[in-house]
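Here the structure is laid out as structure tokens; the discussion comes afterwards.
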Amino acid sequence: MSRIPRSKDDDYTEDMAQQRREFVREQTGVSLAHTGQCSFDAGEARGNIEHFTGVCQIPMGIAGPLQVNGEHARGAFYVPMATTEGTLVGSYNRGMRLTREAGGVNVSVVDDVMQRAPVFVFANARDARTFGEWVEANMDRIRAAAESTTSVGKLQFVQQFAAARFRYLRFNYSTGDAAGQNMCGRATREACLWIAEQYPGPMERWVLSGNMDTDKKHSQINTLYSRGKRVIADCVIPDAVLQQVMHVSARQFFNQRGISNLGAMMAGSSNNGSHAANGIASVFIATGQDEANVAESQSALVHSELTDQGDLYYSVTLPSLIVATHGGGTGLPTQRECLGMMDCVGQGKARKLAEIIGATVLCGELSLGAAVLADEWVSSHEQYGRNR
């Protein structure tokens, strides 16, 4: 097999991208004509991808205006959504109309932490317990070691979990406007090096991740304790508005939620709603988020009530929404434009973006839930989606 062309001097040039496209043509017979049509300089992809060859263009639409009554995001927003699924943008747009006519979506970021969870190995469980007590007694010095690697990350607390002869430490950081996984990894490694050097008792070894940070996958611990931003969005939809826009009543919607909750519980789902991943993934792609974080971010706790007036109270809790407005793919040209649409570029804007996404998810949940209940789900796909 031939090796992919690569330059040791500068691999992020249009010439190298062209060489790789030609390589693909020679190896597969496929010409990357569309992939090669890129509107930004190849050098801007440095740090975001290896073997840069071109761009994979995904259709993008906008939904809105979305009325957000948040603490960081206040007002009307047009939300960029990149997807290949027909009806998705239209459905979210319909949900935004519904909540807008009801006065908007209230959103709060109630927790904000990112983790790295090393594991320490000992001869037996008693030695592991003694180590845990030492860690508690030396937290100030451990914190200083961790924070020496970053001007942004702050070690908030360390959770401890014991099993067999192992001690799992779950380091929890605030990370500013970055998603923070790499930041937390570097800081925790420095803390572990300090611990291994200073701990006076016996220790066999340590590993930077014992998999209790559950990076890039769902876990119950993240649902309970949060990873990224814990975002809660809620609203009250008047029964008359729900019937006019969605063709279902508040009582019908509430009753169906009970049935859907039971189904989700029987299935062992991490989400008792409909499709939070749709809204999250489409906004993630448009705004340069780490798309693999959808695995954690899509977990949702959906709750509804009937008010004394017969209206629908509806809420969505996203316990592990991982977003950034600084670093990673957020600086790429098209992604930066999409962030700019919502005034979410740069520092001080991550919680604002989280609130917008939380409100967006709620709108999508309302819209799809109503479409299923009103038997408009299939017909909408027949008219606008892949069934056409």
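Ordering of the structure tokens sets the chain letters (A, B, ...); residue numbers start at 1 within each chain; ligands are numbered from 1 in the order shown.
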Could you pull out the residues in range 46-247 of chain A that DSSP calls strand (DSSP E) from the backbone, as a PyMOL selection string? chain A and resi 60-69+74-82+105-116+119-121+154-163+166-174+205-207+228-237
Need the shell around Leu155 in chain A: protein/DNA/RNA residues with any atom at most 9 Å away, counting only C-alpha atoms. Skip same-chain ones fewer than 2 positions apart. Format as a VMD selection string? chain A and resid 143 to 144 146 to 147 153 157 to 158 171 to 174 184 187
Could you name the residues that touch range 257-270 of chain A at 9 Å or less, counting only C-alpha atoms, but leaving out those on the same chain fewer than 5 positions away, as a list in words?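 Here the qualifying residues turn out to be His218, Ser219, Gln220, Thr223, Gln252, Gln298, Ser299, Ala300, Leu301, Val302, His303, Ser304 and Gly369 of chain A.
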Taking only C-alpha atoms into account, name the residue in A:Arg94, A:Arg205, A:His51, A:Arg46 that is nearest to Cys363 in chain A.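 Smallest separation from Cys363 in chain A among the options: A:Arg94.
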Skip Met96 in chain A itself and residues of its chain fewer than 3 positions away, then list as an MDAnalysis selection string all residues within 9 Å of it, counting only C-alpha atoms. chainID A and resid 63:67 91:93 99:101 104 359:360 362:364 367
Please, could you write that set of residues out with N, CA and C atoms as an mmCIF file, in the first residue's frame?
```cif
data_model
loop_
_atom_site.group_PDB
_atom_site.id
_atom_site.type_symbol
_atom_site.label_atom_id
_atom_site.label_comp_id
_atom_site.auth_asym_id
_atom_site.auth_seq_id
_atom_site.Cartn_x
_atom_site.Cartn_y
_atom_site.Cartn_z
ATOM 1 N N ALA A 63 -32.715 28.423 12.007
ATOM 2 C CA ALA A 63 -34.024 28.345 12.648
ATOM 3 C C ALA A 63 -34.173 29.544 13.568
ATOM 4 N N GLY A 64 -35.402 30.019 13.691
ATOM 5 C CA GLY A 64 -35.634 31.144 14.596
ATOM 6 C C GLY A 64 -36.669 32.115 14.071
ATOM 7 N N PRO A 65 -36.829 33.249 14.738
ATOM 8 C CA PRO A 65 -36.052 33.616 15.930
ATOM 9 C C PRO A 65 -36.424 32.794 17.155
ATOM 10 N N LEU A 66 -35.427 32.489 17.931
ATOM 11 C CA LEU A 66 -35.582 31.776 19.187
ATOM 12 C C LEU A 66 -35.523 32.791 20.318
ATOM 13 N N GLN A 67 -36.590 32.875 21.083
ATOM 14 C CA GLN A 67 -36.634 33.823 22.195
ATOM 15 C C GLN A 67 -36.076 33.151 23.441
ATOM 16 N N SER A 91 -38.651 21.481 11.868
ATOM 17 C CA SER A 91 -39.257 21.088 13.131
ATOM 18 C C SER A 91 -38.797 21.981 14.271
ATOM 19 N N TYR A 92 -37.485 22.240 14.334
ATOM 20 C CA TYR A 92 -36.984 23.123 15.386
ATOM 21 C C TYR A 92 -37.530 24.543 15.209
ATOM 22 N N ASN A 93 -37.661 24.960 13.968
ATOM 23 C CA ASN A 93 -38.215 26.289 13.702
ATOM 24 C C ASN A 93 -39.645 26.394 14.217
ATOM 25 N N THR A 99 -42.671 28.419 21.316
ATOM 26 C CA THR A 99 -42.178 28.994 22.566
ATOM 27 C C THR A 99 -42.111 30.516 22.491
ATOM 28 N N ARG A 100 -41.873 31.049 21.303
ATOM 29 C CA ARG A 100 -41.863 32.510 21.143
ATOM 30 C C ARG A 100 -43.245 33.095 21.446
ATOM 31 N N GLU A 101 -44.289 32.442 20.937
ATOM 32 C CA GLU A 101 -45.649 32.919 21.188
ATOM 33 C C GLU A 101 -46.061 32.724 22.640
ATOM 34 N N GLY A 104 -41.229 32.810 25.320
ATOM 35 C CA GLY A 104 -39.815 32.451 25.294
ATOM 36 C C GLY A 104 -39.458 31.325 26.236
ATOM 37 N N ALA A 359 -32.156 25.987 24.989
ATOM 38 C CA ALA A 359 -33.459 26.441 24.524
ATOM 39 C C ALA A 359 -33.820 25.789 23.196
ATOM 40 N N THR A 360 -32.833 25.634 22.324
ATOM 41 C CA THR A 360 -33.060 24.984 21.032
ATOM 42 C C THR A 360 -33.526 23.552 21.213
ATOM 43 N N LEU A 362 -35.065 22.227 23.766
ATOM 44 C CA LEU A 362 -36.441 22.212 24.269
ATOM 45 C C LEU A 362 -37.442 22.407 23.141
ATOM 46 N N CYS A 363 -37.157 23.319 22.230
ATOM 47 C CA CYS A 363 -38.071 23.572 21.111
ATOM 48 C C CYS A 363 -38.208 22.337 20.225
ATOM 49 N N GLY A 364 -37.109 21.655 19.995
ATOM 50 C CA GLY A 364 -37.156 20.446 19.183
ATOM 51 C C GLY A 364 -37.924 19.326 19.854
ATOM 52 N N SER A 367 -41.652 20.111 19.487
ATOM 53 C CA SER A 367 -42.138 19.975 18.119
ATOM 54 C C SER A 367 -42.285 18.522 17.708
#
```
Which residues, written as a list in words, have at least one atom at most 12 Å from Tyr199 in chain A, with only C-alpha atoms counted and residues fewer than 6 positions away on the same chain left out?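 These residues fall inside the cut-off: Phe120, Asp127, Ala128, Thr130, Phe131, Gly132, Glu133, Trp134, Val135, Ala137, Asn138, Arg141, Ile142, Ala191, Cys192, Leu193 and Arg205 of chain A.
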Can I get the selection written as a PDB file, in the first residue's frame, with N, CA, C and O atoms?
```pdb
ATOM      1  N   PHE A 120      -5.238   5.287  40.953  1.00  0.00           N
ATOM      2  CA  PHE A 120      -4.015   4.940  41.672  1.00  0.00           C
ATOM      3  C   PHE A 120      -4.133   3.502  42.163  1.00  0.00           C
ATOM      4  O   PHE A 120      -5.180   3.103  42.688  1.00  0.00           O
ATOM      5  N   ASP A 127      -4.429   0.069  51.891  1.00  0.00           N
ATOM      6  CA  ASP A 127      -3.455   1.059  51.438  1.00  0.00           C
ATOM      7  C   ASP A 127      -4.129   2.121  50.563  1.00  0.00           C
ATOM      8  O   ASP A 127      -3.787   3.315  50.639  1.00  0.00           O
ATOM      9  N   ALA A 128      -5.078   1.689  49.750  1.00  0.00           N
ATOM     10  CA  ALA A 128      -5.803   2.631  48.889  1.00  0.00           C
ATOM     11  C   ALA A 128      -6.617   3.605  49.728  1.00  0.00           C
ATOM     12  O   ALA A 128      -6.693   4.802  49.428  1.00  0.00           O
ATOM     13  N   THR A 130      -5.946   4.564  52.853  1.00  0.00           N
ATOM     14  CA  THR A 130      -5.001   5.469  53.511  1.00  0.00           C
ATOM     15  C   THR A 130      -4.562   6.569  52.548  1.00  0.00           C
ATOM     16  O   THR A 130      -4.438   7.745  52.928  1.00  0.00           O
ATOM     17  N   PHE A 131      -4.328   6.193  51.298  1.00  0.00           N
ATOM     18  CA  PHE A 131      -3.955   7.175  50.281  1.00  0.00           C
ATOM     19  C   PHE A 131      -5.066   8.212  50.109  1.00  0.00           C
ATOM     20  O   PHE A 131      -4.789   9.421  50.020  1.00  0.00           O
ATOM     21  N   GLY A 132      -6.314   7.769  50.084  1.00  0.00           N
ATOM     22  CA  GLY A 132      -7.433   8.702  49.929  1.00  0.00           C
ATOM     23  C   GLY A 132      -7.493   9.714  51.055  1.00  0.00           C
ATOM     24  O   GLY A 132      -7.794  10.897  50.836  1.00  0.00           O
ATOM     25  N   GLU A 133      -7.191   9.281  52.261  1.00  0.00           N
ATOM     26  CA  GLU A 133      -7.179  10.194  53.405  1.00  0.00           C
ATOM     27  C   GLU A 133      -6.060  11.217  53.254  1.00  0.00           C
ATOM     28  O   GLU A 133      -6.221  12.398  53.588  1.00  0.00           O
ATOM     29  N   TRP A 134      -4.895  10.771  52.751  1.00  0.00           N
ATOM     30  CA  TRP A 134      -3.779  11.689  52.526  1.00  0.00           C
ATOM     31  C   TRP A 134      -4.137  12.728  51.474  1.00  0.00           C
ATOM     32  O   TRP A 134      -3.786  13.913  51.609  1.00  0.00           O
ATOM     33  N   VAL A 135      -4.814  12.309  50.423  1.00  0.00           N
ATOM     34  CA  VAL A 135      -5.237  13.241  49.373  1.00  0.00           C
ATOM     35  C   VAL A 135      -6.129  14.335  49.963  1.00  0.00           C
ATOM     36  O   VAL A 135      -5.940  15.523  49.682  1.00  0.00           O
ATOM     37  N   ALA A 137      -6.176  15.466  52.941  1.00  0.00           N
ATOM     38  CA  ALA A 137      -5.388  16.338  53.828  1.00  0.00           C
ATOM     39  C   ALA A 137      -4.447  17.255  53.050  1.00  0.00           C
ATOM     40  O   ALA A 137      -3.953  18.249  53.606  1.00  0.00           O
ATOM     41  N   ASN A 138      -4.190  16.946  51.785  1.00  0.00           N
ATOM     42  CA  ASN A 138      -3.214  17.714  51.010  1.00  0.00           C
ATOM     43  C   ASN A 138      -3.833  18.390  49.783  1.00  0.00           C
ATOM     44  O   ASN A 138      -3.130  18.675  48.810  1.00  0.00           O
ATOM     45  N   ARG A 141      -2.235  21.724  48.271  1.00  0.00           N
ATOM     46  CA  ARG A 141      -0.998  21.561  47.513  1.00  0.00           C
ATOM     47  C   ARG A 141      -1.243  20.837  46.181  1.00  0.00           C
ATOM     48  O   ARG A 141      -0.602  21.133  45.171  1.00  0.00           O
ATOM     49  N   ILE A 142      -2.184  19.913  46.183  1.00  0.00           N
ATOM     50  CA  ILE A 142      -2.556  19.239  44.928  1.00  0.00           C
ATOM     51  C   ILE A 142      -3.175  20.251  43.968  1.00  0.00           C
ATOM     52  O   ILE A 142      -2.874  20.266  42.767  1.00  0.00           O
ATOM     53  N   ALA A 191      -0.669  17.247  38.602  1.00  0.00           N
ATOM     54  CA  ALA A 191      -1.052  16.938  39.974  1.00  0.00           C
ATOM     55  C   ALA A 191      -0.655  15.505  40.344  1.00  0.00           C
ATOM     56  O   ALA A 191      -0.164  15.253  41.457  1.00  0.00           O
ATOM     57  N   CYS A 192      -0.830  14.580  39.419  1.00  0.00           N
ATOM     58  CA  CYS A 192      -0.483  13.184  39.682  1.00  0.00           C
ATOM     59  C   CYS A 192       1.025  13.004  39.850  1.00  0.00           C
ATOM     60  O   CYS A 192       1.477  12.212  40.694  1.00  0.00           O
ATOM     61  N   LEU A 193       1.791  13.720  39.031  1.00  0.00           N
ATOM     62  CA  LEU A 193       3.247  13.656  39.185  1.00  0.00           C
ATOM     63  C   LEU A 193       3.655  14.149  40.569  1.00  0.00           C
ATOM     64  O   LEU A 193       4.533  13.553  41.228  1.00  0.00           O
ATOM     65  N   ARG A 205       1.454   2.202  41.153  1.00  0.00           N
ATOM     66  CA  ARG A 205       1.504   3.019  39.944  1.00  0.00           C
ATOM     67  C   ARG A 205       0.229   3.863  39.860  1.00  0.00           C
ATOM     68  O   ARG A 205      -0.696   3.700  40.651  1.00  0.00           O
TER      69      ARG A 205
END
```
Shell of 12 Å around Glu22 in chain A, only C-alpha atoms, local chain residues under 3 positions omitted, as number ranges by chain: A: 4-5, 15-19, 25-33, 35-36, 53-54
For range 87-142 of chain A against range 306-329 of chain A, with a cut-off of 12 Å and counting only C-alpha atoms, what is the closest atom pair and its distance in Å to one decimal for every residue that makes the cut, ordered by chain and number, as a Markdown table?
```
| residue | atom | partner | partner_atom | distance |
| --- | --- | --- | --- | --- |
| A:Thr99 | CA | A:Tyr314 | CA | 10.5 |
| A:Ala102 | CA | A:Leu312 | CA | 10.5 |
| A:Val105 | CA | A:Ser315 | CA | 9.4 |
| A:Asn106 | CA | A:Ser315 | CA | 9.3 |
| A:Val107 | CA | A:Val316 | CA | 9.5 |
| A:Ser108 | CA | A:Thr317 | CA | 9.7 |
| A:Val109 | CA | A:Leu318 | CA | 9.5 |
| A:Val110 | CA | A:Pro319 | CA | 9.3 |
| A:Asp111 | CA | A:Pro319 | CA | 8.5 |
| A:Asp112 | CA | A:Ser320 | CA | 8.9 |
| A:Val113 | CA | A:Ser320 | CA | 9.2 |
| A:Met114 | CA | A:Ile322 | CA | 8.6 |
| A:Gln115 | CA | A:Ser320 | CA | 11.2 |
```
Range 127-232 of chain A: residues DSSP assigns to alpha helix (DSSP H), reported as a PyMOL selection string: chain A and resi 127-137+139-147+181-198+220-225
Keeping only N, CA and C atoms, write the selected residues as a compact mmCIF listing (two decimals), in the first residue's frame.
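Below you can see part_2.txt, which holds the result:
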```txt
# COMPACT_ATOMS: atom_id res chain seq x y z
N ASP A 127 -4.43 0.07 51.89
CA ASP A 127 -3.45 1.06 51.44
C ASP A 127 -4.13 2.12 50.56
N ALA A 128 -5.08 1.69 49.75
CA ALA A 128 -5.80 2.63 48.89
C ALA A 128 -6.62 3.61 49.73
N ARG A 129 -7.23 3.11 50.81
CA ARG A 129 -8.00 3.98 51.69
C ARG A 129 -7.11 5.00 52.38
N THR A 130 -5.95 4.56 52.85
CA THR A 130 -5.00 5.47 53.51
C THR A 130 -4.56 6.57 52.55
N PHE A 131 -4.33 6.19 51.30
CA PHE A 131 -3.96 7.18 50.28
C PHE A 131 -5.07 8.21 50.11
N GLY A 132 -6.31 7.77 50.08
CA GLY A 132 -7.43 8.70 49.93
C GLY A 132 -7.49 9.71 51.05
N GLU A 133 -7.19 9.28 52.26
CA GLU A 133 -7.18 10.19 53.41
C GLU A 133 -6.06 11.22 53.25
N TRP A 134 -4.90 10.77 52.75
CA TRP A 134 -3.78 11.69 52.53
C TRP A 134 -4.14 12.73 51.47
N VAL A 135 -4.81 12.31 50.42
CA VAL A 135 -5.24 13.24 49.37
C VAL A 135 -6.13 14.33 49.96
N GLU A 136 -7.08 13.95 50.80
CA GLU A 136 -7.97 14.94 51.42
C GLU A 136 -7.17 15.94 52.25
N ALA A 137 -6.18 15.47 52.94
CA ALA A 137 -5.39 16.34 53.83
C ALA A 137 -4.45 17.25 53.05
N MET A 139 -5.12 18.66 49.84
CA MET A 139 -5.82 19.20 48.69
C MET A 139 -5.27 20.55 48.23
N ASP A 140 -4.89 21.41 49.15
CA ASP A 140 -4.39 22.73 48.75
C ASP A 140 -3.13 22.61 47.89
N ARG A 141 -2.23 21.72 48.27
CA ARG A 141 -1.00 21.56 47.51
C ARG A 141 -1.24 20.84 46.18
N ILE A 142 -2.18 19.91 46.18
CA ILE A 142 -2.56 19.24 44.93
C ILE A 142 -3.17 20.25 43.97
N ARG A 143 -4.02 21.11 44.50
CA ARG A 143 -4.65 22.15 43.67
C ARG A 143 -3.59 23.07 43.07
N ALA A 144 -2.63 23.46 43.87
CA ALA A 144 -1.57 24.35 43.38
C ALA A 144 -0.78 23.69 42.25
N ALA A 145 -0.50 22.41 42.38
CA ALA A 145 0.24 21.70 41.33
C ALA A 145 -0.57 21.66 40.04
N ALA A 146 -1.84 21.35 40.15
CA ALA A 146 -2.70 21.26 38.96
C ALA A 146 -2.82 22.61 38.26
N GLU A 147 -3.06 23.65 39.03
CA GLU A 147 -3.32 24.96 38.45
C GLU A 147 -2.05 25.65 37.95
N GLN A 181 -11.14 19.54 27.92
CA GLN A 181 -10.63 18.20 28.18
C GLN A 181 -9.12 18.15 28.19
N ASN A 182 -8.47 18.76 27.20
CA ASN A 182 -7.01 18.75 27.16
C ASN A 182 -6.41 19.56 28.31
N MET A 183 -7.05 20.67 28.62
CA MET A 183 -6.61 21.49 29.73
C MET A 183 -6.63 20.69 31.03
N CYS A 184 -7.71 19.95 31.25
CA CYS A 184 -7.85 19.15 32.47
C CYS A 184 -6.86 17.99 32.48
N GLY A 185 -6.62 17.42 31.31
CA GLY A 185 -5.66 16.32 31.24
C GLY A 185 -4.27 16.77 31.63
N ARG A 186 -3.85 17.90 31.11
CA ARG A 186 -2.51 18.41 31.43
C ARG A 186 -2.39 18.78 32.91
N ALA A 187 -3.42 19.45 33.44
CA ALA A 187 -3.38 19.87 34.84
C ALA A 187 -3.39 18.66 35.77
N THR A 188 -4.21 17.68 35.45
CA THR A 188 -4.30 16.50 36.31
C THR A 188 -3.01 15.68 36.25
N ARG A 189 -2.40 15.61 35.09
CA ARG A 189 -1.11 14.90 34.99
C ARG A 189 -0.08 15.55 35.91
N GLU A 190 -0.04 16.88 35.92
CA GLU A 190 0.92 17.57 36.78
C GLU A 190 0.62 17.28 38.25
N ALA A 191 -0.67 17.25 38.60
CA ALA A 191 -1.05 16.94 39.97
C ALA A 191 -0.65 15.51 40.34
N CYS A 192 -0.83 14.58 39.42
CA CYS A 192 -0.48 13.18 39.68
C CYS A 192 1.02 13.00 39.85
N LEU A 193 1.79 13.72 39.03
CA LEU A 193 3.25 13.66 39.19
C LEU A 193 3.65 14.15 40.57
N TRP A 194 3.02 15.23 41.01
CA TRP A 194 3.33 15.76 42.35
C TRP A 194 2.93 14.76 43.42
N ILE A 195 1.74 14.16 43.28
CA ILE A 195 1.26 13.19 44.26
C ILE A 195 2.21 12.00 44.35
N ALA A 196 2.60 11.46 43.19
CA ALA A 196 3.47 10.29 43.17
C ALA A 196 4.82 10.58 43.82
N GLU A 197 5.29 11.81 43.68
CA GLU A 197 6.58 12.19 44.26
C GLU A 197 6.47 12.44 45.76
N GLN A 198 5.34 13.00 46.20
CA GLN A 198 5.21 13.42 47.59
C GLN A 198 4.56 12.40 48.51
N GLN A 220 -23.90 7.34 33.82
CA GLN A 220 -24.82 7.77 34.87
C GLN A 220 -24.16 8.79 35.80
N ILE A 221 -22.85 8.66 36.01
CA ILE A 221 -22.18 9.60 36.90
C ILE A 221 -22.23 11.02 36.33
N ASN A 222 -22.18 11.15 35.00
CA ASN A 222 -22.29 12.47 34.40
C ASN A 222 -23.71 13.02 34.51
N THR A 223 -24.70 12.14 34.44
CA THR A 223 -26.08 12.58 34.62
C THR A 223 -26.29 13.11 36.03
N LEU A 224 -25.67 12.47 37.01
CA LEU A 224 -25.85 12.88 38.40
C LEU A 224 -24.99 14.08 38.77
N TYR A 225 -23.70 14.08 38.35
CA TYR A 225 -22.76 15.08 38.82
C TYR A 225 -22.38 16.13 37.77
```
Of A:Gly47, A:Gly288, A:Pro200, A:Gly61, the one sitting nearest Thr334 in chain A when using only C-alpha atoms is A:Gly288
Applying 10 Å and only C-alpha atoms, which residues near Gln57 in chain A remain after dropping the ones on its own chain fewer than 5 positions away? List them as a list in words. His34, Thr35, Gln37, Cys38 and Ala82 of chain A
Write the residues of the preceding selection, restricted to N, CA, C and O atoms, as a PDB file, in the first residue's frame.
```
ATOM      1  N   HIS A  34     -15.423  18.382  -5.481  1.00  0.00           N
ATOM      2  CA  HIS A  34     -16.156  19.219  -4.530  1.00  0.00           C
ATOM      3  C   HIS A  34     -15.387  19.367  -3.222  1.00  0.00           C
ATOM      4  O   HIS A  34     -15.361  20.446  -2.620  1.00  0.00           O
ATOM      5  N   THR A  35     -14.762  18.292  -2.790  1.00  0.00           N
ATOM      6  CA  THR A  35     -13.989  18.333  -1.546  1.00  0.00           C
ATOM      7  C   THR A  35     -12.868  19.363  -1.619  1.00  0.00           C
ATOM      8  O   THR A  35     -12.508  19.981  -0.620  1.00  0.00           O
ATOM      9  N   GLN A  37     -12.925  22.243  -3.092  1.00  0.00           N
ATOM     10  CA  GLN A  37     -13.378  23.635  -3.170  1.00  0.00           C
ATOM     11  C   GLN A  37     -13.524  24.194  -1.754  1.00  0.00           C
ATOM     12  O   GLN A  37     -14.556  24.049  -1.111  1.00  0.00           O
ATOM     13  N   CYS A  38     -12.486  24.824  -1.305  1.00  0.00           N
ATOM     14  CA  CYS A  38     -12.407  25.306   0.073  1.00  0.00           C
ATOM     15  C   CYS A  38     -12.266  26.827   0.071  1.00  0.00           C
ATOM     16  O   CYS A  38     -11.449  27.378  -0.678  1.00  0.00           O
ATOM     17  N   ALA A  82     -26.433  22.606  11.016  1.00  0.00           N
ATOM     18  CA  ALA A  82     -25.858  21.887   9.882  1.00  0.00           C
ATOM     19  C   ALA A  82     -26.306  20.432   9.947  1.00  0.00           C
ATOM     20  O   ALA A  82     -26.036  19.733  10.932  1.00  0.00           O
TER      21      ALA A  82
END
```
With only C-alpha atoms as the atoms that count, which of A:Arg97, A:Lys216, A:Lys352, A:Arg165 lies nearest to Val241 in chain A?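 Among A:Arg97, A:Lys216, A:Lys352, A:Arg165, it is A:Arg97 that comes nearest to Val241 in chain A.
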Hey, could you make a per-residue contact list for range 246-311 of chain A against range 227-230 of chain A with 10 Å as the cut-off, showing the nearest pair of atoms and its distance in Å to one decimal, counting only C-alpha atoms, sorted by chain and number, as a tab-separated table?
```
residue	atom	partner	partner_atom	distance
A:Asn293	CA	A:Gly228	CA	9.8
A:Glu296	CA	A:Arg227	CA	8.0
A:Ser297	CA	A:Gly228	CA	8.4
```
